[in-house]
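Peer 1: Below is the file input24.pdb, with PDB, C-alpha atoms and all ligand atoms.
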```
ATOM      1  CA  MET A  13     158.181 -17.214 -19.135
ATOM      2  CA  LYS A  14     160.357 -14.572 -17.458
ATOM      3  CA  LEU A  15     163.082 -15.840 -15.174
ATOM      4  CA  ILE A  16     166.076 -14.482 -13.374
ATOM      5  CA  LEU A  17     169.117 -16.416 -12.220
ATOM      6  CA  LEU A  18     170.739 -15.284  -8.996
ATOM      7  CA  GLY A  19     173.786 -16.647  -7.252
ATOM      8  CA  PRO A  20     177.453 -15.980  -6.572
ATOM      9  CA  PRO A  21     180.185 -16.097  -9.226
ATOM     10  CA  GLY A  22     180.937 -19.717 -10.130
ATOM     11  CA  ALA A  23     177.662 -21.145  -8.788
ATOM     12  CA  GLY A  24     176.763 -22.422 -12.264
ATOM     13  CA  LYS A  25     174.363 -19.791 -13.602
ATOM     14  CA  GLY A  26     175.769 -19.828 -17.135
ATOM     15  CA  THR A  27     176.086 -23.631 -17.142
ATOM     16  CA  GLN A  28     172.467 -24.149 -16.086
ATOM     17  CA  ALA A  29     171.159 -21.387 -18.341
ATOM     18  CA  ALA A  30     172.473 -23.279 -21.369
ATOM     19  CA  ASP A  31     170.321 -26.324 -20.460
ATOM     20  CA  VAL A  32     167.249 -24.243 -19.597
ATOM     21  CA  VAL A  33     167.427 -22.439 -22.911
ATOM     22  CA  ASP A  34     167.635 -25.757 -24.806
ATOM     23  CA  ARG A  35     164.679 -27.270 -22.958
ATOM     24  CA  TYR A  36     162.290 -24.309 -22.811
ATOM     25  CA  ASN A  37     163.439 -22.497 -25.912
ATOM     26  CA  ILE A  38     163.732 -19.079 -24.285
ATOM     27  CA  PRO A  39     166.500 -16.544 -24.925
ATOM     28  CA  HIS A  40     169.411 -16.467 -22.465
ATOM     29  CA  ILE A  41     170.438 -12.928 -21.603
ATOM     30  CA  SER A  42     173.715 -12.813 -19.707
ATOM     31  CA  THR A  43     174.859  -9.277 -18.961
ATOM     32  CA  GLY A  44     178.382 -10.621 -18.367
ATOM     33  CA  ASP A  45     178.425 -12.206 -21.855
ATOM     34  CA  ILE A  46     177.117  -8.984 -23.427
ATOM     35  CA  PHE A  47     179.800  -6.923 -21.697
ATOM     36  CA  ARG A  48     182.498  -9.403 -22.791
ATOM     37  CA  LYS A  49     181.285  -9.279 -26.405
ATOM     38  CA  ASN A  50     181.455  -5.467 -26.327
ATOM     39  CA  LEU A  51     184.870  -5.661 -24.752
ATOM     40  CA  ARG A  52     186.187  -7.900 -27.553
ATOM     41  CA  GLU A  53     184.685  -5.615 -30.182
ATOM     42  CA  GLU A  54     186.126  -2.580 -28.375
ATOM     43  CA  THR A  55     182.831  -0.674 -28.457
ATOM     44  CA  PRO A  56     182.397   2.401 -26.183
ATOM     45  CA  LEU A  57     180.232   0.242 -23.881
ATOM     46  CA  GLY A  58     182.947  -2.428 -23.795
ATOM     47  CA  LYS A  59     185.634   0.112 -22.935
ATOM     48  CA  LYS A  60     183.507   1.521 -20.133
ATOM     49  CA  ALA A  61     182.649  -1.932 -18.720
ATOM     50  CA  LYS A  62     186.291  -3.061 -18.840
ATOM     51  CA  GLU A  63     187.323  -0.424 -16.294
ATOM     52  CA  TYR A  64     185.121  -2.175 -13.727
ATOM     53  CA  MET A  65     185.207  -5.814 -14.831
ATOM     54  CA  ASP A  66     189.007  -6.015 -14.731
ATOM     55  CA  LYS A  67     188.875  -5.012 -11.064
ATOM     56  CA  GLY A  68     186.055  -7.432 -10.272
ATOM     57  CA  GLU A  69     183.660  -4.555  -9.604
ATOM     58  CA  LEU A  70     180.123  -4.162 -10.854
ATOM     59  CA  VAL A  71     179.529  -1.957 -13.876
ATOM     60  CA  PRO A  72     177.525   1.153 -12.784
ATOM     61  CA  ASP A  73     173.756   0.683 -12.537
ATOM     62  CA  GLU A  74     172.833   3.384 -15.050
ATOM     63  CA  VAL A  75     174.945   1.754 -17.781
ATOM     64  CA  THR A  76     173.650  -1.750 -17.075
ATOM     65  CA  ILE A  77     169.971  -0.834 -16.646
ATOM     66  CA  ALA A  78     169.818   1.158 -19.898
ATOM     67  CA  MET A  79     171.465  -1.701 -21.793
ATOM     68  CA  VAL A  80     169.076  -4.362 -20.445
ATOM     69  CA  GLU A  81     165.908  -2.291 -20.891
ATOM     70  CA  ASP A  82     166.817  -1.630 -24.473
ATOM     71  CA  LEU A  83     167.176  -5.376 -25.061
ATOM     72  CA  LEU A  84     163.995  -6.428 -23.257
ATOM     73  CA  LYS A  85     161.662  -3.924 -24.837
ATOM     74  CA  ASP A  86     160.856  -6.238 -27.760
ATOM     75  CA  MET A  87     160.876  -9.548 -25.871
ATOM     76  CA  ASP A  88     158.205 -11.383 -23.913
ATOM     77  CA  SER A  89     160.132 -14.434 -22.710
ATOM     78  CA  TYR A  90     163.669 -14.634 -21.348
ATOM     79  CA  MET A  91     166.106 -15.950 -18.808
ATOM     80  CA  LEU A  92     168.176 -13.168 -17.273
ATOM     81  CA  ASP A  93     171.579 -14.378 -16.006
ATOM     82  CA  GLY A  94     173.541 -11.926 -13.883
ATOM     83  CA  PHE A  95     170.893  -9.212 -13.925
ATOM     84  CA  PRO A  96     169.612  -7.733 -11.666
ATOM     85  CA  ARG A  97     172.627  -7.633  -9.414
ATOM     86  CA  THR A  98     171.812  -4.689  -7.154
ATOM     87  CA  VAL A  99     168.611  -3.530  -5.452
ATOM     88  CA  ALA A 100     168.552  -0.494  -7.772
ATOM     89  CA  GLN A 101     168.641  -2.835 -10.802
ATOM     90  CA  ALA A 102     165.852  -4.995  -9.351
ATOM     91  CA  GLU A 103     163.693  -1.934  -8.710
ATOM     92  CA  ALA A 104     164.321  -0.636 -12.215
ATOM     93  CA  LEU A 105     163.338  -4.010 -13.672
ATOM     94  CA  ASP A 106     160.125  -4.073 -11.606
ATOM     95  CA  LYS A 107     159.250  -0.598 -12.780
ATOM     96  CA  PHE A 108     159.977  -1.492 -16.395
ATOM     97  CA  LEU A 109     157.827  -4.651 -16.190
ATOM     98  CA  SER A 110     154.891  -3.116 -14.344
ATOM     99  CA  ALA A 111     154.704  -0.266 -16.877
ATOM    100  CA  ARG A 112     154.088  -3.016 -19.432
ATOM    101  CA  ASN A 113     151.713  -5.001 -17.218
ATOM    102  CA  GLU A 114     154.233  -7.810 -16.981
ATOM    103  CA  LYS A 115     155.921  -9.627 -14.120
ATOM    104  CA  LEU A 116     158.680 -12.082 -13.322
ATOM    105  CA  ASP A 117     157.635 -15.719 -12.900
ATOM    106  CA  VAL A 118     160.583 -17.072 -10.924
ATOM    107  CA  ALA A 119     163.848 -15.944  -9.348
ATOM    108  CA  LEU A 120     166.118 -18.992  -9.181
ATOM    109  CA  CYS A 121     168.976 -18.725  -6.719
ATOM    110  CA  ILE A 122     171.829 -21.198  -7.255
ATOM    111  CA  ASN A 123     174.273 -21.412  -4.372
ATOM    112  CA  ALA A 124     177.445 -23.270  -3.397
ATOM    113  CA  ASP A 125     180.171 -23.038  -0.755
ATOM    114  CA  TYR A 126     182.889 -20.451  -1.082
ATOM    115  CA  SER A 127     185.780 -22.923  -1.575
ATOM    116  CA  LEU A 128     183.890 -24.702  -4.344
ATOM    117  CA  LEU A 129     183.130 -21.387  -6.078
ATOM    118  CA  VAL A 130     186.809 -20.466  -6.185
ATOM    119  CA  LYS A 131     187.782 -23.902  -7.589
ATOM    120  CA  ARG A 132     185.125 -23.660 -10.278
ATOM    121  CA  ILE A 133     186.059 -20.159 -11.338
ATOM    122  CA  VAL A 134     189.793 -20.697 -11.454
ATOM    123  CA  GLY A 135     189.426 -23.820 -13.678
ATOM    124  CA  ARG A 136     186.810 -22.351 -15.984
ATOM    125  CA  ARG A 137     187.345 -22.064 -19.734
ATOM    126  CA  MET A 138     184.888 -20.343 -22.070
ATOM    127  CA  CYS A 139     184.201 -20.543 -25.783
ATOM    128  CA  LYS A 140     185.137 -17.357 -27.605
ATOM    129  CA  ASP A 141     182.315 -17.829 -30.105
ATOM    130  CA  CYS A 142     179.279 -19.267 -28.266
ATOM    131  CA  SER A 143     180.149 -18.621 -24.562
ATOM    132  CA  GLN A 144     179.710 -22.317 -23.673
ATOM    133  CA  THR A 145     181.455 -22.983 -20.358
ATOM    134  CA  TYR A 146     183.951 -25.759 -19.584
ATOM    135  CA  HIS A 147     186.143 -26.666 -16.625
ATOM    136  CA  THR A 148     189.642 -28.122 -16.761
ATOM    137  CA  GLU A 149     188.724 -30.755 -14.166
ATOM    138  CA  PHE A 150     184.928 -30.899 -13.761
ATOM    139  CA  HIS A 151     183.847 -30.519 -17.381
ATOM    140  CA  PRO A 152     186.738 -30.783 -19.816
ATOM    141  CA  PRO A 153     186.095 -30.411 -23.560
ATOM    142  CA  LYS A 154     186.582 -33.506 -25.746
ATOM    143  CA  LYS A 155     189.523 -31.841 -27.467
ATOM    144  CA  ASP A 156     191.867 -29.596 -25.486
ATOM    145  CA  GLY A 157     191.154 -25.885 -26.034
ATOM    146  CA  VAL A 158     188.289 -26.485 -28.504
ATOM    147  CA  CYS A 159     184.526 -26.044 -27.940
ATOM    148  CA  ASP A 160     182.510 -29.293 -28.289
ATOM    149  CA  LYS A 161     179.478 -27.359 -29.505
ATOM    150  CA  CYS A 162     180.859 -25.075 -32.207
ATOM    151  CA  GLY A 163     184.596 -25.756 -32.587
ATOM    152  CA  GLY A 164     185.432 -22.281 -31.241
ATOM    153  CA  GLN A 165     188.596 -21.535 -29.301
ATOM    154  CA  LEU A 166     188.457 -21.754 -25.493
ATOM    155  CA  TYR A 167     189.958 -19.032 -23.318
ATOM    156  CA  GLN A 168     190.282 -18.085 -19.655
ATOM    157  CA  ARG A 169     188.361 -14.962 -18.640
ATOM    158  CA  ASP A 170     190.537 -12.032 -17.537
ATOM    159  CA  ASP A 171     188.503 -11.698 -14.333
ATOM    160  CA  ASP A 172     188.935 -15.375 -13.417
ATOM    161  CA  LYS A 173     192.306 -14.803 -11.740
ATOM    162  CA  GLU A 174     192.343 -15.572  -8.033
ATOM    163  CA  GLU A 175     192.941 -11.946  -6.934
ATOM    164  CA  THR A 176     189.950 -10.638  -8.941
ATOM    165  CA  VAL A 177     187.719 -13.519  -7.880
ATOM    166  CA  GLN A 178     187.907 -12.391  -4.249
ATOM    167  CA  LYS A 179     186.683  -8.914  -5.179
ATOM    168  CA  ARG A 180     183.825 -10.403  -7.230
ATOM    169  CA  LEU A 181     182.767 -12.529  -4.275
ATOM    170  CA  ASP A 182     182.869  -9.437  -2.011
ATOM    171  CA  GLU A 183     180.741  -7.493  -4.493
ATOM    172  CA  TYR A 184     178.254 -10.359  -4.502
ATOM    173  CA  GLU A 185     178.062 -10.422  -0.693
ATOM    174  CA  SER A 186     177.519  -6.693  -0.296
ATOM    175  CA  LYS A 187     175.463  -5.763  -3.362
ATOM    176  CA  THR A 188     173.748  -8.831  -4.826
ATOM    177  CA  LYS A 189     172.936 -11.021  -1.816
ATOM    178  CA  PRO A 190     170.238  -8.587  -0.562
ATOM    179  CA  LEU A 191     168.242  -9.563  -3.676
ATOM    180  CA  ILE A 192     167.543 -12.968  -2.131
ATOM    181  CA  GLU A 193     165.402 -11.299   0.515
ATOM    182  CA  TYR A 194     163.979  -8.914  -2.079
ATOM    183  CA  TYR A 195     162.561 -11.784  -4.161
ATOM    184  CA  GLU A 196     161.664 -13.866  -1.115
ATOM    185  CA  LYS A 197     159.331 -11.041  -0.090
ATOM    186  CA  LYS A 198     157.749 -11.133  -3.535
ATOM    187  CA  ASN A 199     157.197 -14.878  -3.129
ATOM    188  CA  ILE A 200     158.980 -15.851  -6.314
ATOM    189  CA  LEU A 201     162.308 -17.043  -4.909
ATOM    190  CA  LYS A 202     163.345 -20.689  -5.434
ATOM    191  CA  ASN A 203     166.621 -21.915  -3.948
ATOM    192  CA  VAL A 204     168.689 -24.559  -5.687
ATOM    193  CA  ASP A 205     171.715 -26.320  -4.181
ATOM    194  CA  GLY A 206     174.396 -25.765  -6.822
ATOM    195  CA  SER A 207     177.102 -27.839  -5.131
ATOM    196  CA  ARG A 208     175.975 -31.087  -6.776
ATOM    197  CA  SER A 209     176.599 -32.376 -10.301
ATOM    198  CA  VAL A 210     175.431 -30.324 -13.283
ATOM    199  CA  GLU A 211     172.757 -32.981 -14.039
ATOM    200  CA  GLU A 212     171.398 -33.025 -10.475
ATOM    201  CA  VAL A 213     171.156 -29.243 -10.385
ATOM    202  CA  SER A 214     169.416 -29.188 -13.800
ATOM    203  CA  LYS A 215     166.901 -31.769 -12.604
ATOM    204  CA  ASP A 216     165.858 -29.516  -9.697
ATOM    205  CA  ILE A 217     165.607 -26.489 -11.957
ATOM    206  CA  PHE A 218     163.518 -28.329 -14.560
ATOM    207  CA  LYS A 219     161.162 -29.497 -11.800
ATOM    208  CA  ILE A 220     160.635 -25.906 -10.648
ATOM    209  CA  LEU A 221     160.175 -24.557 -14.174
ATOM    210  CA  ASP A 222     157.866 -27.371 -15.303
ATOM    211  CA  GLU A 223     155.465 -26.220 -12.601
ATOM    212  CA  CYS A 224     155.487 -22.597 -13.774
TER     213      CYS A 224
HETATM  214  P1  LIG A 301     179.286 -12.565 -15.059
HETATM  215  O1  LIG A 301     179.798 -13.006 -16.368
HETATM  216  O2  LIG A 301     177.825 -12.578 -14.822
HETATM  217  O3  LIG A 301     180.043 -13.356 -13.927
HETATM  218  P2  LIG A 301     179.638 -13.874 -12.454
HETATM  219  O4  LIG A 301     178.361 -13.468 -11.854
HETATM  220  O5  LIG A 301     180.841 -13.564 -11.686
HETATM  221  O6  LIG A 301     179.317 -15.328 -12.650
HETATM  222  P3  LIG A 301     180.174 -16.360 -13.373
HETATM  223  O7  LIG A 301     179.923 -16.281 -14.847
HETATM  224  O8  LIG A 301     181.602 -16.232 -12.894
HETATM  225  O9  LIG A 301     179.620 -17.711 -12.760
HETATM  226  P4  LIG A 301     178.419 -18.643 -13.196
HETATM  227  O10 LIG A 301     177.493 -18.740 -12.042
HETATM  228  O11 LIG A 301     177.855 -18.262 -14.520
HETATM  229  O12 LIG A 301     179.196 -20.023 -13.301
HETATM  230  P5  LIG A 301     179.475 -20.967 -14.557
HETATM  231  O13 LIG A 301     178.222 -21.622 -15.014
HETATM  232  O14 LIG A 301     180.312 -20.287 -15.567
HETATM  233  O15 LIG A 301     179.781 -11.070 -14.780
HETATM  234  C1  LIG A 301     181.120 -10.677 -15.013
HETATM  235  C2  LIG A 301     181.303  -9.204 -14.702
HETATM  236  O16 LIG A 301     180.466  -8.408 -15.557
HETATM  237  C3  LIG A 301     180.917  -8.757 -13.276
HETATM  238  O17 LIG A 301     181.973  -8.958 -12.373
HETATM  239  C4  LIG A 301     180.602  -7.274 -13.514
HETATM  240  O18 LIG A 301     181.764  -6.508 -13.600
HETATM  241  C5  LIG A 301     179.939  -7.285 -14.875
HETATM  242  N1  LIG A 301     178.465  -7.396 -14.783
HETATM  243  C6  LIG A 301     177.701  -8.420 -15.291
HETATM  244  N2  LIG A 301     176.395  -8.219 -15.021
HETATM  245  C7  LIG A 301     176.319  -7.044 -14.316
HETATM  246  C8  LIG A 301     175.244  -6.324 -13.730
HETATM  247  N3  LIG A 301     173.973  -6.756 -13.795
HETATM  248  N4  LIG A 301     175.535  -5.164 -13.076
HETATM  249  C9  LIG A 301     176.802  -4.715 -12.996
HETATM  250  N5  LIG A 301     177.861  -5.357 -13.521
HETATM  251  C10 LIG A 301     177.626  -6.521 -14.168
HETATM  252  O19 LIG A 301     180.348 -22.118 -13.828
HETATM  253  C11 LIG A 301     181.627 -21.853 -13.304
HETATM  254  C12 LIG A 301     182.560 -23.049 -13.565
HETATM  255  O20 LIG A 301     182.115 -24.180 -12.819
HETATM  256  C13 LIG A 301     182.597 -23.512 -15.024
HETATM  257  O21 LIG A 301     183.907 -23.882 -15.330
HETATM  258  C14 LIG A 301     181.667 -24.729 -15.063
HETATM  259  O22 LIG A 301     182.053 -25.665 -16.045
HETATM  260  C15 LIG A 301     181.793 -25.285 -13.657
HETATM  261  N6  LIG A 301     180.537 -25.832 -13.121
HETATM  262  C16 LIG A 301     179.311 -25.241 -13.170
HETATM  263  N7  LIG A 301     178.380 -26.009 -12.544
HETATM  264  C17 LIG A 301     179.066 -27.110 -12.085
HETATM  265  C18 LIG A 301     178.663 -28.262 -11.344
HETATM  266  N8  LIG A 301     177.387 -28.459 -10.934
HETATM  267  N9  LIG A 301     179.617 -29.182 -11.033
HETATM  268  C19 LIG A 301     180.898 -28.999 -11.425
HETATM  269  N10 LIG A 301     181.340 -27.937 -12.134
HETATM  270  C20 LIG A 301     180.429 -26.990 -12.459
HETATM  271 MG    MG A 302     178.221 -16.745 -15.941
HETATM  272 ZN    ZN A 303     181.407 -22.700 -28.774
END
```
How does the structure come out when it is put into structure tokens?
Ligand code: AP5
Ligand code: MG
Ligand code: ZN

Peer 2:
Amino acid sequence: MKLILLGPPGAGKGTQAADVVDRYNIPHISTGDIFRKNLREETPLGKKAKEYMDKGELVPDEVTIAMVEDLLKDMDSYMLDGFPRTVAQAEALDKFLSARNEKLDVALCINADYSLLVKRIVGRRMCKDCSQTYHTEFHPPKKDGVCDKCGGQLYQRDDDKEETVQKRLDEYESKTKPLIEYYEKKNILKNVDGSRSVEEVSKDIFKILDEC
């Protein structure tokens, strides 16, 4: 199964991906998580990505596409979270897949209202070790500051400050939203209302994926 997860920052892509991965046993590839790991390890890729991420901007296509293609070349099943994020990335992915006689099964688009997105992002906490996501109000960990899953330390992402969030939402509107139409035309788009509880959203997603 080859899936992509679309949707604005804070819609719940990472949260839902964790459940999908558990149920269908497919790898979760989040370009945001990969960039953050590189950033922590201060690799050349991390240093490059930081210049853009700190401002809430997208990392340049050529950097992102090369990184993802290198990862996917030995995989036949995956859930891509946060990639593609521009039409150029979507076209590159199509080209990469068709050269291998492969195709995407589903593009899931999770959406929610703007005010809800901001609330979710600003209260988010992430595990340093396993990237599990929490929320101070909507999904608090059992023990303050500690990951339920692995005991890792929770932190607030640098780009989750209100001033950066606005830029990320603008980037989504101008560069990523056109992908909805792109995948609609390919007849693989499935919309999911992400404004409900985590369990309700998962239920819809499982229903779609069970039919794949
Ligand atoms: P990335 O890490 O992908 O961030 P994003 O797209 O901004 O998305 P988020 O991770 O903020 O939101 P999410 O939808 O995963 O929400 P989550 O599940 O955490 O990218 C970061 C940066 O990396 C980009 O800005 C860019 O610079 C760079 N980058 C990455 N990919 C790139 C690419 N392809 N090209 C170029 N640059 C790229 O949920 C949010 C919060 O809400 C959590 O606290 C969660 O607990 C809570 N929550 C979730 N669902 C619910 C629910 N149903 N009810 C209540 N609370 C909920
Ligand atoms: Mg995410
Ligand atoms: Zn953890």

Peer 1: Given the file above and the PyMOL selection byres (((chain A and resi 159) around 9) and not hetatm), which residues are selected, and can you give them as a list in words?

Peer 2: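 Those residues are Met138, Cys139, Lys140, Asp141, Cys142, Gln144, Thr145, Tyr146, Pro153, Lys154, Lys155, Asp156, Gly157, Val158, Asp160, Lys161, Cys162, Gly163, Gly164, Gln165 and Leu166 of chain A.
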
Peer 1: Got a sec to check which residues sit within 12 Å of (190.6, -14.0, -8.3), counting only C-alpha atoms, and write them as a PyMOL selection string?

Peer 2: chain A and resi 21-22+65-69+129-136+169-182

Peer 1: Do a neighbour search on Ser42 (chain A) at 9 Å with only C-alpha atoms, toss out local chain neighbours closer than 6 positions, and write the hits as a PDB file with C-alpha atoms, in the frame of the given file.

Peer 2:
```pdb
ATOM      1  CA  GLY A  26     175.769 -19.828 -17.135  1.00  0.00           C
ATOM      2  CA  MET A  91     166.106 -15.950 -18.808  1.00  0.00           C
ATOM      3  CA  LEU A  92     168.176 -13.168 -17.273  1.00  0.00           C
ATOM      4  CA  ASP A  93     171.579 -14.378 -16.006  1.00  0.00           C
ATOM      5  CA  GLY A  94     173.541 -11.926 -13.883  1.00  0.00           C
ATOM      6  CA  PHE A  95     170.893  -9.212 -13.925  1.00  0.00           C
TER       7      PHE A  95
END
```

Peer 1: Find the spatial neighbours of region 60-63 of chain A, counting all atoms listed in the file, within a cut-off of 7 Å - ignore same-chain residues fewer than 5 positions away - and output them as a list in words.

Peer 2: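 Returned residues: Phe47, Leu51 and Val71 of chain A.
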
Peer 1: Quick one: pull the distance between atom C8 of ligand LIG 301 (chain A) and CA of Val33 (chain A), Å, one decimal.

Peer 2: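 Interatomic distance here is 20.1 Å.
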
Peer 1: How many Å separate CA of Ile77 (chain A) from CA of Ala104 (chain A)?

Peer 2: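 CA of Ile77 (chain A) sits 7.2 Å away from CA of Ala104 (chain A).
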
Peer 1: Can you pull out the residues contacting Ile38 (chain A)? Cut-off 10 Å, using only C-alpha atoms, and skip same-chain residues under 3 positions away; I want them as a PyMOL selection string.

Peer 2: chain A and resi 13-15+29+32-35+41+88-91

Peer 1: Those same residues, written as a PDB file, in the coordinates of the input with C-alpha atoms?

Peer 2:
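Written file, selection-v6.pdb:
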```
ATOM      1  CA  MET A  13     158.181 -17.214 -19.135  1.00  0.00           C
ATOM      2  CA  LYS A  14     160.357 -14.572 -17.458  1.00  0.00           C
ATOM      3  CA  LEU A  15     163.082 -15.840 -15.174  1.00  0.00           C
ATOM      4  CA  ALA A  29     171.159 -21.387 -18.341  1.00  0.00           C
ATOM      5  CA  VAL A  32     167.249 -24.243 -19.597  1.00  0.00           C
ATOM      6  CA  VAL A  33     167.427 -22.439 -22.911  1.00  0.00           C
ATOM      7  CA  ASP A  34     167.635 -25.757 -24.806  1.00  0.00           C
ATOM      8  CA  ARG A  35     164.679 -27.270 -22.958  1.00  0.00           C
ATOM      9  CA  ILE A  41     170.438 -12.928 -21.603  1.00  0.00           C
ATOM     10  CA  ASP A  88     158.205 -11.383 -23.913  1.00  0.00           C
ATOM     11  CA  SER A  89     160.132 -14.434 -22.710  1.00  0.00           C
ATOM     12  CA  TYR A  90     163.669 -14.634 -21.348  1.00  0.00           C
ATOM     13  CA  MET A  91     166.106 -15.950 -18.808  1.00  0.00           C
TER      14      MET A  91
END
```

Peer 1: Step by step, work through what the PyMOL selection byres (((chain A and resi 214) around 12) and not hetatm) selects in the shown file, and finish by giving those residues as an NGL selection string.

Peer 2: :A and (24-35 or 120 or 122 or 204-213 or 215-222)

Peer 1: CA of Lys115 (chain A) and CA of His40 (chain A) are how many Å apart?

Peer 2: 17.3 Å

Peer 1: Nearest to ligand MG 302 (chain A): which of A:Leu57, A:Ile46, A:Glu193, A:Asn37 is it, counting all atoms listed in the file?

Peer 2: A:Ile46

Peer 1: Here's the selection I'm unsure about, the PyMOL selection byres (((chain A and resi 81) around 12) and not hetatm); applied to the file above, which residues does it give, as a PDB file with C-alpha atoms, in the coordinates of the input?

Peer 2:
```pdb
ATOM      1  CA  ILE A  41     170.438 -12.928 -21.603  1.00  0.00           C
ATOM      2  CA  THR A  43     174.859  -9.277 -18.961  1.00  0.00           C
ATOM      3  CA  ASP A  73     173.756   0.683 -12.537  1.00  0.00           C
ATOM      4  CA  GLU A  74     172.833   3.384 -15.050  1.00  0.00           C
ATOM      5  CA  VAL A  75     174.945   1.754 -17.781  1.00  0.00           C
ATOM      6  CA  THR A  76     173.650  -1.750 -17.075  1.00  0.00           C
ATOM      7  CA  ILE A  77     169.971  -0.834 -16.646  1.00  0.00           C
ATOM      8  CA  ALA A  78     169.818   1.158 -19.898  1.00  0.00           C
ATOM      9  CA  MET A  79     171.465  -1.701 -21.793  1.00  0.00           C
ATOM     10  CA  VAL A  80     169.076  -4.362 -20.445  1.00  0.00           C
ATOM     11  CA  ASP A  82     166.817  -1.630 -24.473  1.00  0.00           C
ATOM     12  CA  LEU A  83     167.176  -5.376 -25.061  1.00  0.00           C
ATOM     13  CA  LEU A  84     163.995  -6.428 -23.257  1.00  0.00           C
ATOM     14  CA  LYS A  85     161.662  -3.924 -24.837  1.00  0.00           C
ATOM     15  CA  ASP A  86     160.856  -6.238 -27.760  1.00  0.00           C
ATOM     16  CA  MET A  87     160.876  -9.548 -25.871  1.00  0.00           C
ATOM     17  CA  LEU A  92     168.176 -13.168 -17.273  1.00  0.00           C
ATOM     18  CA  PHE A  95     170.893  -9.212 -13.925  1.00  0.00           C
ATOM     19  CA  PRO A  96     169.612  -7.733 -11.666  1.00  0.00           C
ATOM     20  CA  GLN A 101     168.641  -2.835 -10.802  1.00  0.00           C
ATOM     21  CA  ALA A 102     165.852  -4.995  -9.351  1.00  0.00           C
ATOM     22  CA  ALA A 104     164.321  -0.636 -12.215  1.00  0.00           C
ATOM     23  CA  LEU A 105     163.338  -4.010 -13.672  1.00  0.00           C
ATOM     24  CA  ASP A 106     160.125  -4.073 -11.606  1.00  0.00           C
ATOM     25  CA  LYS A 107     159.250  -0.598 -12.780  1.00  0.00           C
ATOM     26  CA  PHE A 108     159.977  -1.492 -16.395  1.00  0.00           C
ATOM     27  CA  LEU A 109     157.827  -4.651 -16.190  1.00  0.00           C
ATOM     28  CA  ARG A 112     154.088  -3.016 -19.432  1.00  0.00           C
TER      29      ARG A 112
END
```

Peer 1: So that I can see what lies close to Arg97 (chain A), please list as a VMD selection string the residues with an atom at most 8 Å from it, counting all atoms listed in the file and leaving out residues fewer than 5 positions away in the same chain.

Peer 2: chain A and resid 18 102 184 187 to 188 191
